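Engineer: Contents of protein_27.tsv (TSV, C-alpha atoms and all ligand atoms) are given next:
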```tsv
chain	number	residue	atom	x	y	z
A	15	MET	CA	-7.56	2.92	20.85
A	16	THR	CA	-10.59	0.63	21.15
A	17	LEU	CA	-10.42	-3.10	21.76
A	18	ASN	CA	-13.36	-5.12	20.49
A	19	ILE	CA	-13.05	-8.79	21.39
A	20	GLN	CA	-15.63	-11.21	20.03
A	21	PRO	CA	-16.12	-14.72	21.45
A	22	ASP	CA	-15.97	-16.64	18.18
A	23	GLU	CA	-15.44	-16.37	14.43
A	24	ARG	CA	-19.10	-15.95	13.62
A	25	SER	CA	-19.60	-12.97	15.90
A	26	PHE	CA	-16.26	-11.56	14.69
A	27	ASP	CA	-17.50	-11.68	11.08
A	28	LEU	CA	-20.87	-10.18	11.98
A	29	GLU	CA	-19.31	-7.39	14.00
A	30	ALA	CA	-16.98	-6.42	11.14
A	31	ALA	CA	-19.89	-6.56	8.68
A	32	ARG	CA	-22.00	-4.43	11.01
A	33	GLN	CA	-19.28	-1.79	11.16
A	34	ILE	CA	-18.99	-1.54	7.36
A	35	TYR	CA	-22.78	-1.35	7.18
A	36	ALA	CA	-22.97	1.41	9.80
A	37	GLN	CA	-20.23	3.41	8.06
A	38	ILE	CA	-22.13	3.39	4.76
A	39	ALA	CA	-25.51	4.02	6.41
A	40	SER	CA	-24.12	7.14	8.08
A	41	LYS	CA	-22.26	8.36	4.96
A	42	HIS	CA	-23.51	7.02	1.65
A	43	ASP	CA	-20.49	8.14	-0.35
A	44	SER	CA	-17.98	6.52	2.00
A	45	VAL	CA	-14.61	5.37	0.66
A	46	ILE	CA	-13.92	1.99	2.24
A	47	GLY	CA	-10.69	-0.01	2.09
A	48	LEU	CA	-10.63	-3.79	2.22
A	49	SER	CA	-7.98	-6.46	2.77
A	50	THR	CA	-7.88	-9.99	1.45
A	51	GLY	CA	-6.86	-13.25	3.10
A	52	ARG	CA	-8.28	-15.88	5.40
A	53	THR	CA	-9.31	-13.33	8.02
A	54	THR	CA	-11.62	-11.34	5.80
A	55	GLY	CA	-13.33	-13.73	3.33
A	56	ASN	CA	-16.24	-14.61	5.60
A	57	LEU	CA	-16.73	-11.13	6.94
A	58	HIS	CA	-17.02	-9.86	3.36
A	59	ARG	CA	-19.69	-12.47	2.66
A	60	ALA	CA	-21.47	-11.56	5.90
A	61	PHE	CA	-21.46	-7.91	4.88
A	62	ALA	CA	-22.82	-8.71	1.41
A	63	ARG	CA	-25.71	-10.65	2.99
A	64	MET	CA	-26.40	-7.90	5.52
A	65	ALA	CA	-26.37	-5.20	2.83
A	66	ARG	CA	-28.81	-7.14	0.66
A	67	GLU	CA	-31.16	-8.00	3.50
A	68	GLY	CA	-31.09	-4.45	4.84
A	69	SER	CA	-31.46	-2.93	1.33
A	70	LEU	CA	-28.46	-0.74	2.11
A	71	ASP	CA	-28.00	2.06	-0.42
A	72	LEU	CA	-24.68	1.28	-2.12
A	73	SER	CA	-25.18	3.59	-5.07
A	74	ARG	CA	-22.48	6.07	-4.01
A	75	VAL	CA	-20.01	4.02	-1.97
A	76	THR	CA	-16.48	3.35	-3.24
A	77	PHE	CA	-14.70	0.18	-2.22
A	78	PHE	CA	-11.00	-0.35	-2.80
A	79	GLY	CA	-8.35	-2.94	-2.01
A	80	GLN	CA	-5.30	-1.86	-0.03
A	81	ASP	CA	-2.90	-4.12	-1.91
A	82	GLU	CA	-2.51	-6.34	-4.98
A	83	ILE	CA	-0.12	-8.82	-6.54
A	84	VAL	CA	1.60	-7.42	-9.66
A	85	GLY	CA	2.52	-9.87	-12.42
A	86	VAL	CA	-0.61	-12.05	-12.38
A	87	PRO	CA	-3.85	-12.05	-14.39
A	88	GLN	CA	-6.63	-10.07	-12.72
A	89	THR	CA	-8.79	-13.20	-12.95
A	90	TYR	CA	-6.31	-15.37	-10.99
A	91	SER	CA	-8.11	-16.72	-7.91
A	92	GLY	CA	-5.28	-15.46	-5.68
A	93	ALA	CA	-5.37	-11.90	-7.06
A	94	CYS	CA	-6.85	-9.48	-4.53
A	95	TYR	CA	-9.11	-8.12	-7.27
A	96	GLU	CA	-10.61	-11.54	-7.93
A	97	MET	CA	-10.94	-12.39	-4.23
A	98	LEU	CA	-12.84	-9.20	-3.46
A	99	ARG	CA	-14.94	-9.58	-6.60
A	100	SER	CA	-16.02	-13.07	-5.64
A	101	GLU	CA	-16.46	-12.36	-1.91
A	102	LEU	CA	-18.64	-9.24	-2.13
A	103	ILE	CA	-18.19	-6.82	-5.04
A	104	GLY	CA	-19.81	-9.07	-7.66
A	105	ASP	CA	-22.66	-10.03	-5.36
A	106	LEU	CA	-23.46	-6.41	-4.62
A	107	ASP	CA	-23.25	-5.27	-8.26
A	108	ILE	CA	-20.71	-2.57	-7.48
A	109	PRO	CA	-19.60	-1.16	-10.87
A	110	GLU	CA	-15.91	-0.98	-11.81
A	111	GLU	CA	-15.75	2.79	-11.32
A	112	ARG	CA	-16.59	2.35	-7.65
A	113	PHE	CA	-14.30	-0.65	-7.08
A	114	LEU	CA	-10.75	0.67	-7.18
A	115	MET	CA	-7.73	-1.61	-7.11
A	116	PRO	CA	-3.97	-1.30	-7.48
A	117	PRO	CA	-2.75	-2.86	-10.77
A	118	THR	CA	-2.12	-6.56	-11.44
A	119	ARG	CA	-0.19	-5.86	-14.67
A	120	TRP	CA	3.40	-4.62	-14.82
A	121	GLU	CA	2.73	-2.60	-17.94
A	122	GLY	CA	2.01	0.95	-16.77
A	123	ALA	CA	1.88	-0.25	-13.15
A	124	GLU	CA	3.54	2.83	-11.61
A	125	LYS	CA	1.09	5.15	-13.31
A	126	ALA	CA	-1.88	2.93	-12.50
A	127	LEU	CA	-0.90	2.96	-8.84
A	128	ARG	CA	-0.61	6.75	-8.87
A	129	ASP	CA	-4.01	7.04	-10.55
A	130	PHE	CA	-5.44	4.70	-7.91
A	131	THR	CA	-4.25	6.83	-4.98
A	132	GLU	CA	-5.28	10.05	-6.73
A	133	MET	CA	-8.77	8.67	-7.21
A	134	LEU	CA	-9.02	7.87	-3.50
A	135	GLN	CA	-8.05	11.47	-2.76
A	136	ALA	CA	-10.47	12.86	-5.34
A	137	ARG	CA	-13.30	11.00	-3.62
A	138	GLY	CA	-12.50	12.65	-0.33
A	139	GLY	CA	-9.94	10.25	1.13
A	140	ILE	CA	-10.40	7.04	3.07
A	141	ASP	CA	-13.29	6.98	5.55
A	142	LEU	CA	-12.71	3.46	6.88
A	143	ILE	CA	-10.06	0.88	6.13
A	144	LEU	CA	-10.13	-2.72	7.30
A	145	LEU	CA	-6.61	-4.02	7.80
A	146	GLY	CA	-5.54	-7.63	8.03
A	147	LEU	CA	-2.35	-8.36	9.93
A	148	GLY	CA	0.54	-10.60	8.93
A	149	GLU	CA	2.13	-12.89	11.52
A	150	ASN	CA	5.30	-10.78	11.25
A	151	GLY	CA	3.30	-7.59	11.74
A	152	HIS	CA	2.97	-6.62	8.08
A	153	LEU	CA	0.13	-4.43	6.85
A	154	GLY	CA	-0.68	-4.87	3.17
A	155	PHE	CA	2.72	-5.46	1.56
A	156	ASN	CA	4.47	-3.24	4.08
A	157	GLN	CA	6.89	-5.78	5.47
A	158	PRO	CA	8.97	-5.20	8.64
A	159	GLY	CA	11.33	-2.29	8.07
A	160	SER	CA	8.90	-0.35	5.86
A	161	PRO	CA	9.06	3.36	6.68
A	162	PHE	CA	6.17	4.79	8.66
A	163	GLY	CA	6.27	7.74	6.25
A	164	GLY	CA	6.05	5.56	3.13
A	165	THR	CA	3.39	6.06	0.46
A	166	ALA	CA	1.92	3.74	-2.18
A	167	ARG	CA	4.53	1.72	-4.04
A	168	ILE	CA	5.37	-1.67	-5.51
A	169	ALA	CA	7.16	-3.72	-2.87
A	170	THR	CA	8.11	-7.40	-2.66
A	171	ILE	CA	5.53	-10.03	-1.75
A	172	GLY	CA	7.36	-12.28	0.68
A	173	PRO	CA	8.73	-15.79	0.02
A	174	GLU	CA	5.64	-17.88	0.93
A	175	LEU	CA	3.21	-15.99	-1.26
A	176	ASP	CA	5.83	-15.79	-4.02
A	177	ALA	CA	6.19	-19.59	-4.02
A	178	ARG	CA	2.43	-20.18	-3.95
A	179	VAL	CA	1.73	-17.82	-6.86
A	180	ARG	CA	4.52	-19.37	-8.98
A	181	ARG	CA	3.22	-22.86	-8.26
A	182	GLU	CA	-0.43	-22.04	-8.95
A	183	LEU	CA	0.28	-20.12	-12.16
A	184	ALA	CA	3.21	-22.28	-13.31
A	185	LEU	CA	5.46	-19.20	-13.49
A	186	GLY	CA	9.20	-19.62	-13.85
A	187	PRO	CA	11.72	-17.93	-11.57
A	188	GLU	CA	12.34	-15.24	-14.24
A	189	ALA	CA	8.76	-13.91	-14.10
A	190	PRO	CA	8.75	-10.78	-11.94
A	191	LEU	CA	6.20	-10.55	-9.12
A	192	GLY	CA	5.56	-7.56	-6.89
A	193	GLY	CA	3.19	-6.30	-4.25
A	194	ALA	CA	1.44	-3.02	-4.98
A	195	THR	CA	0.42	-1.54	-1.66
A	196	LEU	CA	-0.69	1.57	0.10
A	197	GLY	CA	2.12	2.87	2.27
A	198	LEU	CA	1.85	3.16	6.03
A	199	ARG	CA	1.42	6.91	5.73
A	200	ASP	CA	-1.57	6.44	3.39
A	201	VAL	CA	-3.09	3.98	5.86
A	202	MET	CA	-2.57	6.38	8.78
A	203	HIS	CA	-4.43	9.11	6.87
A	204	ALA	CA	-7.65	7.07	6.93
A	205	ARG	CA	-10.29	8.66	9.16
A	206	ARG	CA	-11.02	5.32	10.83
A	207	ILE	CA	-9.11	2.06	10.94
A	208	LEU	CA	-10.45	-1.36	11.82
A	209	LEU	CA	-7.62	-3.82	12.41
A	210	VAL	CA	-8.99	-7.35	12.09
A	211	ALA	CA	-7.22	-10.45	13.43
A	212	LYS	CA	-8.50	-13.85	14.39
A	213	GLY	CA	-7.06	-17.22	15.41
A	214	SER	CA	-4.42	-18.35	17.91
A	215	HIS	CA	-1.64	-17.97	15.29
A	216	LYS	CA	-2.17	-14.18	15.48
A	217	ALA	CA	-2.12	-13.94	19.29
A	218	ALA	CA	1.61	-13.17	19.64
A	219	ILE	CA	1.69	-10.48	16.95
A	220	VAL	CA	-1.53	-8.91	18.24
A	221	LYS	CA	0.10	-8.52	21.65
A	222	GLU	CA	3.23	-7.13	19.99
A	223	ILE	CA	1.46	-4.45	17.95
A	224	LEU	CA	-0.75	-3.38	20.86
A	225	GLN	CA	1.58	-3.61	23.83
A	226	GLY	CA	5.06	-3.56	22.29
A	227	PRO	CA	7.09	-0.54	21.20
A	228	VAL	CA	6.07	1.53	18.18
A	229	THR	CA	8.79	0.57	15.72
A	230	GLU	CA	9.24	0.17	11.96
A	231	ALA	CA	10.42	-3.37	12.71
A	232	VAL	CA	6.74	-4.14	13.43
A	233	PRO	CA	4.62	-2.24	10.88
A	234	GLY	CA	1.32	-2.87	12.73
A	235	SER	CA	2.66	-1.08	15.80
A	236	VAL	CA	2.21	2.26	14.01
A	237	LEU	CA	-1.54	1.92	14.58
A	238	GLN	CA	-0.99	2.78	18.25
A	239	LEU	CA	-0.49	6.34	16.99
A	240	HIS	CA	-3.79	6.56	15.08
A	241	PRO	CA	-6.52	8.54	16.84
A	242	ALA	CA	-9.39	6.33	15.65
A	243	CYS	CA	-8.15	2.78	15.36
A	244	GLU	CA	-10.24	-0.09	16.63
A	245	TYR	CA	-8.80	-3.60	17.04
A	246	LEU	CA	-11.42	-6.24	16.27
A	247	LEU	CA	-10.22	-9.61	17.54
A	248	ASP	CA	-11.65	-13.00	18.26
A	249	ALA	CA	-10.96	-14.53	21.67
A	250	GLU	CA	-8.06	-16.62	20.34
A	251	ALA	CA	-6.23	-13.67	18.80
A	252	ALA	CA	-6.75	-11.70	22.02
A	253	ALA	CA	-5.60	-14.53	24.29
A	254	LEU	CA	-2.20	-13.04	25.23
A	255	LEU	CA	-3.38	-9.51	26.00
B	1	LIG	C1	-1.48	-10.88	3.12
B	1	LIG	C2	-2.17	-9.70	2.43
B	1	LIG	C3	-2.72	-8.71	3.43
B	1	LIG	C4	-3.48	-9.45	4.50
B	1	LIG	C5	-2.56	-10.34	5.32
B	1	LIG	C6	-3.28	-11.24	6.31
B	1	LIG	O1	-0.10	-10.75	2.99
B	1	LIG	N1	-1.31	-9.01	1.50
B	1	LIG	O2	-3.58	-7.81	2.77
B	1	LIG	O3	-4.08	-8.51	5.34
B	1	LIG	O4	-1.71	-11.12	4.49
B	1	LIG	O5	-3.74	-12.42	5.70
B	1	LIG	P1	-4.57	-13.54	6.47
B	1	LIG	O6	-5.87	-12.91	6.84
B	1	LIG	O7	-4.74	-14.66	5.49
B	1	LIG	O8	-3.79	-13.92	7.67
```
Could you render the structure as structure tokens?
Ligand code: GLP
Structural biologist:
Amino acid sequence: MTLNIQPDERSFDLEAARQIYAQIASKHDSVIGLSTGRTTGNLHRAFARMAREGSLDLSRVTFFGQDEIVGVPQTYSGACYEMLRSELIGDLDIPEERFLMPPTRWEGAEKALRDFTEMLQARGGIDLILLGLGENGHLGFNQPGSPFGGTARIATIGPELDARVRRELALGPEAPLGGATLGLRDVMHARRILLVAKGSHKAAIVKEILQGPVTEAVPGSVLQLHPACEYLLDAEAAALL
């Protein structure tokens, strides 16, 4: 386990961007997993700038998202697809065949999710995955209680996100929503993991996943068992360690 604590948000973003850059520079056909949310937006933009300025060869890299909301249009601003597209994929002109995402549509969703994971395998498996962390320890849509041995599936999305999506899209209570996600076993098969967390609201859960017991009640704790997991934190998220 490696701890990488950065003094502020800017250096946190640059460090994460530098690590994605270095991964691709050392292996041009890398398969790289991304997470969406407040933690990662700016680091994605920082990476896009760095890649452009450094003329990084992106012609063979595959990017993918580790999770997605099912039951929304792909163009919805809260869909993981649209967030990643606007934060870096569009800017870097990565074509659709090298930007893989779990489905946003219910129709054929199970098959689309299977195809998604098979494509990751066919490209050699995950070289590096950046993981955001929920305040309850969730990884992707693997909420507390998710099995460590679980694989990709459509799970529930949690009450806060559920309410926000329904409000923003004016969806009634009858419209089904789900969270397509890699399972914890898929995540643990990545060659390298970069767990990213910033802000004082993440300090307690960061301490829990690093120094607490390894338990399915805290999905992020499973990372203690990964041989090449680095925890990239800002000073606020690391404050209780
Ligand atoms: C969401 C997403 C995850 C993300 C996490 C952290 O539930 N499904 O992919 O990693 O929450 O989000 P944030 O960075 O906004 O705290």
Engineer: Contacts between ligand LIG 1 (chain B) and chain A, please, where a residue of chain A counts if it comes within 7 Å (with all atoms listed in the file); show its shortest atom pair and distance in Å to one decimal, rows by chain and ascending number, as a tab-separated table.
Structural biologist:
```
residue	atom	partner	partner_atom	distance
A:Ser49	CA	B:LIG1	O2	4.6
A:Thr50	CA	B:LIG1	O2	5.0
A:Gly51	CA	B:LIG1	O7	3.5
A:Arg52	CA	B:LIG1	O7	3.7
A:Thr53	CA	B:LIG1	O6	3.7
A:Thr54	CA	B:LIG1	O6	6.1
A:Gln80	CA	B:LIG1	O2	6.8
A:Asp81	CA	B:LIG1	O2	6.0
A:Leu145	CA	B:LIG1	O3	5.7
A:Gly146	CA	B:LIG1	O3	3.2
A:Leu147	CA	B:LIG1	C6	4.7
A:Gly148	CA	B:LIG1	C6	4.7
A:Leu153	CA	B:LIG1	O3	6.1
A:Gly154	CA	B:LIG1	O2	4.1
A:Phe155	CA	B:LIG1	N1	5.4
```
Engineer: Just write the chosen residues, C-alpha atoms, as a compact mmCIF listing (two decimals), keeping the file's coordinate frame.
Structural biologist:
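Produced file part-v6.txt, reproduced below:
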```
# COMPACT_ATOMS: atom_id res chain seq x y z
CA SER A 49 -7.98 -6.46 2.77
CA THR A 50 -7.88 -9.99 1.45
CA GLY A 51 -6.86 -13.25 3.10
CA ARG A 52 -8.28 -15.88 5.40
CA THR A 53 -9.31 -13.33 8.02
CA THR A 54 -11.62 -11.34 5.80
CA GLN A 80 -5.30 -1.86 -0.03
CA ASP A 81 -2.90 -4.12 -1.91
CA LEU A 145 -6.61 -4.02 7.80
CA GLY A 146 -5.54 -7.63 8.03
CA LEU A 147 -2.35 -8.36 9.93
CA GLY A 148 0.54 -10.60 8.93
CA LEU A 153 0.13 -4.43 6.85
CA GLY A 154 -0.68 -4.87 3.17
CA PHE A 155 2.72 -5.46 1.56
```
Engineer: My list of candidates is A:Glu149, A:Asp141, A:Asp22, A:Glu174. Which is closest to Gly47 of chain A when distances are computed with all atoms listed in the file?
Structural biologist: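 The closest residue to Gly47 of chain A is A:Asp141.
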Engineer: Provide the atom CA of Asn156 of chain A to atom CA of Gln33 of chain A distance in Å, to one decimal place.
Structural biologist: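 Computed distance, atom CA of Asn156 of chain A to atom CA of Gln33 of chain A, equals 24.8 Å.
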Engineer: Would you list the contacts of segment 114-120 of chain A as a ChimeraX atom specification, taking every protein, DNA or RNA residue within 8 Å and counting all atoms listed in the file, but skipping same-chain residues closer than 4 positions in sequence?
Structural biologist: /A:76-88,93,95,110,126-127,130,194-195
Engineer: What is the atom CA of Glu121 of chain A-atom CA of Ile108 of chain A distance in Å, reported with one decimal?
Structural biologist: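 Computing it gives 25.7 Å between the two atoms.
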Engineer: Skip segment 210-224 of chain A itself and residues of its chain fewer than 5 positions away, then list as an MDAnalysis selection string all residues within 9 Å of it, counting all atoms listed in the file.
Structural biologist: chainID A and resid 22:23 26 30 53:54 144:151 232:238 244:255
Engineer: Near Leu57 of chain A, within 10 Å and counting all atoms listed in the file, which residues show up once chain neighbours fewer than 4 positions away are dropped, as a list of chain:residue names?
Structural biologist: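 Once the nearby chain positions are removed, what remains is A:Glu23, A:Arg24, A:Ser25, A:Phe26, A:Asp27, A:Leu28, A:Glu29, A:Ala30, A:Ala31, A:Arg32, A:Ile34, A:Arg52, A:Thr53, A:Phe61, A:Ala62, A:Arg63, A:Glu101, A:Leu102.
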Engineer: Could you tell me how far atom CA of Gly139 of chain A lies from atom CA of Leu106 of chain A, in Å and to one decimal?
Structural biologist: 22.2 Å
Engineer: Do you know which residues are at most 6 Å from segment 199-208 of chain A counting only C-alpha atoms, after dropping those on the same chain fewer than 2 positions away, and could you put them as an mmCIF file with C-alpha atoms, in the coordinates of the input?
Structural biologist:
```
data_model
loop_
_atom_site.group_PDB
_atom_site.id
_atom_site.type_symbol
_atom_site.label_atom_id
_atom_site.label_comp_id
_atom_site.auth_asym_id
_atom_site.auth_seq_id
_atom_site.Cartn_x
_atom_site.Cartn_y
_atom_site.Cartn_z
ATOM 1 C CA ILE A 140 -10.400 7.040 3.070
ATOM 2 C CA ASP A 141 -13.290 6.980 5.550
ATOM 3 C CA LEU A 142 -12.710 3.460 6.880
ATOM 4 C CA ILE A 143 -10.060 0.880 6.130
ATOM 5 C CA LEU A 144 -10.130 -2.720 7.300
ATOM 6 C CA PHE A 162 6.170 4.790 8.660
ATOM 7 C CA GLY A 163 6.270 7.740 6.250
ATOM 8 C CA GLY A 164 6.050 5.560 3.130
ATOM 9 C CA THR A 165 3.390 6.060 0.460
ATOM 10 C CA LEU A 196 -0.690 1.570 0.100
ATOM 11 C CA GLY A 197 2.120 2.870 2.270
ATOM 12 C CA ALA A 242 -9.390 6.330 15.650
ATOM 13 C CA CYS A 243 -8.150 2.780 15.360
ATOM 14 C CA GLU A 244 -10.240 -0.090 16.630
ATOM 15 C CA TYR A 245 -8.800 -3.600 17.040
#
```
Engineer: With distances taken over all atoms listed in the file, which of A:Gln135, A:Asn56, A:Ser160, A:Ser73 is nearest to Met97 of chain A?
Structural biologist: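 Using all atoms listed in the file, Met97 of chain A sits closest to A:Asn56.
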Engineer: My list of candidates is A:Gly192, A:Pro21, A:Pro241, A:Gly122. Which is closest to Val179 of chain A when distances are computed with all atoms listed in the file?
Structural biologist: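 Closest candidate: A:Gly192.
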